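Structure first, then comments.
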Amino acid sequence: MDNASLRSKIRVLIVDDSASVRQILTSILNNDPDIEVMGAAADPFAAARRLQDEIPDVIILDIEMPRMDGITFLRKIMAQRPIPVIICSTLTEERSDVMFEAFEAGAFDIVPKPRIDTTQALLEASTRMCDAVKAAARARIRPRRAPRMVVEAKLTADAIMPPPVGGRARPTTERLVCIGVSTGGTEALRDVLECLPAKAPAILIVQHMPQGFTAAFAKRLDSLCEIEVREAQDGDAVVQGCAYIAPGGRHMLLQRTGQRYHIAIKDGPPVSRHRPSADVLFRSAAQYAGPNALGIIMTGMGDDGARGLLEMHKLGATTRAQDEESCVVFGMPKEAIALGAVDKVVPLAQIPREIMLWQDARQPASTV
């Protein structure tokens with residue numbers, strides 16, 4: 001392989017005190033033709049010495065390590081030379097405070113340690129890790145707030161529910177917002193939800209996040225916002241002033257009984273390689289809410305949500321996309337815009353205002 005080919009790869013430095021984890025991560029990443037592991041270090045001191053000689057495109061960092069913990073090292077990296085850092089640890093699944101401390105210190109993304117107990121678990125972990133590395137390498141690293149393996153076929157929302165059909169939904173005056181977001185979304189959602197008043201419309205959110213993380217994420221946002229924020233549960237009534245975050249590892253759908261909306265939580269295969277999937281949420285909103293819904297697609301890698309937002313648009317919903325400048329990764333919004341699914345492209349800071357202006361506009365509701 002020539003030097004030009006090597007330089008075109010995403011160079012990754014792995015920092016983890018476990019030799020077996022370093023070996024597994026190296027194998028996963030080197031199996032992707034677009035990624036190259038440039039080295040591995042057993043602790044932050046060894047990593048710092050390596051950084052004196054060569055700067056990677058992405059760092060994968062454990063939290064619990066000898067001599068210096070990962071959060072302290074992350075803060076030092078961001079203060080001296082910001083590099084996209086992906087936290088890979090089991091500790092974030094056990095302690096939600098560590099997860100949010102990592103994001104606030106500047107972590108680009110958080111992924112759990114790879115499971116290798118089954119072929120399917122390893123495949124999913126490999127896909128998740130490689131996607132995170134590629135997104136990190138393309139990301140815009142911004143100042144933070146203070147305190148290739150063979151993959152499964154890419155499924156559409158058809159795997160969870162049939163395409164929406166016009167004329168089924170009944171008129172309603174209730175309005176709701178559906179948001180799809182991925183990489184960079186933890187801070188972006190905080191920016192949006194913190195600015196909304198208690199009288200804001202109901203909001204259903206798909207944030208790509210592993211199982212076990214979303215309950216802590218919702219709890220954290222709830223402590224910061226005027227609106228109520230909770231992890232969605234099957235059968236939840238959709239009410240004004242509450243945001244519902246899809247549980248990690250399961251799909252969330254909007255459904256209707258009479259004039260009332262409620263939430264359905266369902267198992268099923270990944271859609272657009274994600275579970276939960278924004279395409280699934282948006283399709284259900286197209287079917288059961290139509291013109292009474294506002295669909296918003298925000299920062300994230302890939303194209304999940306683009307087709308679902310187009311279905312919402314075709315059935316009368318209002319649609320918005322976050323602009324490229326304010327996105328950490330301009331993937332999902334870009335794909336939705338390219339499909340013609342977006343009515344208006346707005347910066348992140350303007351999204352809360354767009355939500356409230358849309359709610360206050362007294363447009364007559366109509367059938368889907």
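Going by the structure tokens order, chains are called A, B, ..., each with residues numbered from 1, while ligands are numbered from 1 in the order shown.
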
_Long-range neighbours of Ala19 of chain A as a count of residues only, 12 Å cut-off, only C-alpha atoms, 6 positions minimum in chain_ = 6

*Among the residues of segment 262-360 of chain A, find those DSSP assigns to strand (DSSP E) from the backbone and print them as a PyMOL selection string.*
chain A and resi 262-266+293-297+318-322+344-346

Selection export as a short mmCIF file (atom, residue, chain, number, x, y, z; two decimals), in the first residue's frame, atoms kept: N, CA and C atoms:
data_model
loop_
_atom_site.label_atom_id
_atom_site.label_comp_id
_atom_site.auth_asym_id
_atom_site.auth_seq_id
_atom_site.Cartn_x
_atom_site.Cartn_y
_atom_site.Cartn_z
N HIS A 262 -50.70 9.01 21.91
CA HIS A 262 -49.91 8.31 22.91
C HIS A 262 -48.69 7.70 22.24
N ILE A 263 -47.80 7.16 23.05
CA ILE A 263 -46.53 6.63 22.57
C ILE A 263 -46.53 5.12 22.60
N ALA A 264 -45.97 4.52 21.56
CA ALA A 264 -45.75 3.08 21.54
C ALA A 264 -44.24 2.83 21.48
N ILE A 265 -43.76 1.97 22.32
CA ILE A 265 -42.35 1.57 22.31
C ILE A 265 -42.29 0.14 21.80
N LYS A 266 -41.51 -0.07 20.75
CA LYS A 266 -41.50 -1.38 20.10
C LYS A 266 -40.08 -1.88 19.88
N ALA A 293 -48.17 18.37 13.06
CA ALA A 293 -46.83 18.05 13.54
C ALA A 293 -45.79 18.98 12.92
N LEU A 294 -44.76 19.23 13.71
CA LEU A 294 -43.56 19.91 13.25
C LEU A 294 -42.41 18.91 13.33
N GLY A 295 -41.76 18.63 12.21
CA GLY A 295 -40.63 17.72 12.19
C GLY A 295 -39.32 18.48 12.09
N ILE A 296 -38.36 18.14 12.94
CA ILE A 296 -37.06 18.82 12.96
C ILE A 296 -35.96 17.78 12.89
N ILE A 297 -35.02 17.97 11.98
CA ILE A 297 -33.87 17.08 11.89
C ILE A 297 -32.61 17.89 12.19
N THR A 318 -45.13 20.66 8.94
CA THR A 318 -44.09 21.67 8.79
C THR A 318 -42.75 21.02 9.13
N THR A 319 -41.70 21.37 8.38
CA THR A 319 -40.41 20.72 8.61
C THR A 319 -39.28 21.74 8.66
N ARG A 320 -38.30 21.44 9.50
CA ARG A 320 -37.13 22.30 9.68
C ARG A 320 -35.87 21.42 9.74
N ALA A 321 -34.74 22.01 9.35
CA ALA A 321 -33.44 21.33 9.47
C ALA A 321 -32.43 22.30 10.07
N GLN A 322 -31.54 21.78 10.88
CA GLN A 322 -30.46 22.57 11.44
C GLN A 322 -29.45 22.89 10.33
N LYS A 344 -37.55 24.78 5.74
CA LYS A 344 -36.70 25.90 6.14
C LYS A 344 -35.48 25.37 6.87
N VAL A 345 -34.31 25.94 6.57
CA VAL A 345 -33.07 25.59 7.24
C VAL A 345 -32.71 26.71 8.20
N VAL A 346 -32.46 26.36 9.47
CA VAL A 346 -32.25 27.39 10.49
C VAL A 346 -31.04 27.03 11.36
#

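Using only C-alpha atoms, the smallest distance between any of A:Ala246, A:Val15, A:Leu221, A:Ala289 and Ala188 of chain A comes from A:Leu221.
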
*Could you write out, as number ranges by chain, all the residues of segment 153-255 of chain A that DSSP marks as helix (DSSP H, G or I)?*
A: 157-159, 185-194, 214-224

*Please provide as a PyMOL selection string all residues within 8 Å of Ala198 of chain A, with the sequence filter that same-chain residues fewer than 2 positions apart are discarded (counting only C-alpha atoms).*
chain A and resi 196+200+226-228+241

I need the residues from that last selection saved to file as a PDB file, in the first residue's frame (with C-alpha atoms), if you can.
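Once everything was written out, this is again-v3.pdb:
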ATOM      1  CA  LEU A 196     -38.371  26.400  25.767  1.00  0.00           C
ATOM      2  CA  ALA A 200     -44.128  24.461  24.841  1.00  0.00           C
ATOM      3  CA  GLU A 226     -38.657  24.358  32.375  1.00  0.00           C
ATOM      4  CA  ILE A 227     -40.441  21.664  30.400  1.00  0.00           C
ATOM      5  CA  GLU A 228     -40.585  18.138  31.773  1.00  0.00           C
ATOM      6  CA  GLY A 241     -45.014  20.832  28.178  1.00  0.00           C
TER       7      GLY A 241
END

*Using only C-alpha atoms, determine which residues lie at most 10 Å from segment 334-337 of chain A, disregarding the query and same-chain residues fewer than 4 positions distant; provide the list as number ranges by chain.*
A: 297-310, 319-324, 329-330, 341-345

*Atomic distance atom CA of Pro352 of chain A - atom CA of Gly249 of chain A, expressed in Å with one decimal*: 27.4 Å

_Which residue of A:Ile205, A:Ile110, A:Val21, A:Met65 approaches Ile87 of chain A most closely, using only C-alpha atoms_ =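 Closest candidate: A:Ile110.
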
*Between atom CA of Gly331 of chain A and atom CA of Ala317 of chain A, what is the distance, to one decimal in Å?*
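Distance between the two atoms: 21.7 Å.
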
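Ranking A:Gln233, A:Gln359, A:Thr257, A:Ser326 by their shortest atom-to-atom distance to Pro347 of chain A, with only C-alpha atoms included, puts A:Ser326 first.
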
*Minimum-distance residue to Lys219 of chain A, chosen among A:Ala243, A:Ala105, A:Ala237, A:Met38 (using only C-alpha atoms)*: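 Counting only C-alpha atoms, the residue closest to Lys219 of chain A is A:Ala243.
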
*asked:* Just want the 12 Å neighbourhood of Ser89 of chain A, counted on only C-alpha atoms, with same-chain residues fewer than 2 positions away dropped. Output as a ChimeraX atom specification.
replied: /A:15-18,21,60-65,69-71,86-87,91-95,98-99,102,109-115

*Would you please work out which residue, of A:Ile59, A:Leu193, A:Ala202, A:Gln23, is nearest to Leu348 of chain A when using only C-alpha atoms?*
A:Leu193

*Which of these residues is nearest to Leu13 of chain A, using only C-alpha atoms: A:Pro333, A:Pro44, A:Pro197, A:Pro33?*
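Once distances to Leu13 of chain A are computed over only C-alpha atoms, the minimum belongs to A:Pro44.
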
_Between atom CA of Ser182 of chain A and atom CA of Gly316 of chain A - distance in Å to one decimal_ =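 Separation of atom CA of Gly316 of chain A and atom CA of Ser182 of chain A: 24.7 Å.
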
_I'd like the neighbourhood of Pro56 of chain A as a PyMOL selection string, where a residue qualifies if any of its atoms comes within 12 Å (using only C-alpha atoms), though same-chain residues fewer than 3 positions away should be ignored._
chain A and resi 7+9-15+35-40+47-48+50-53+59-60+81-85+133+136-137
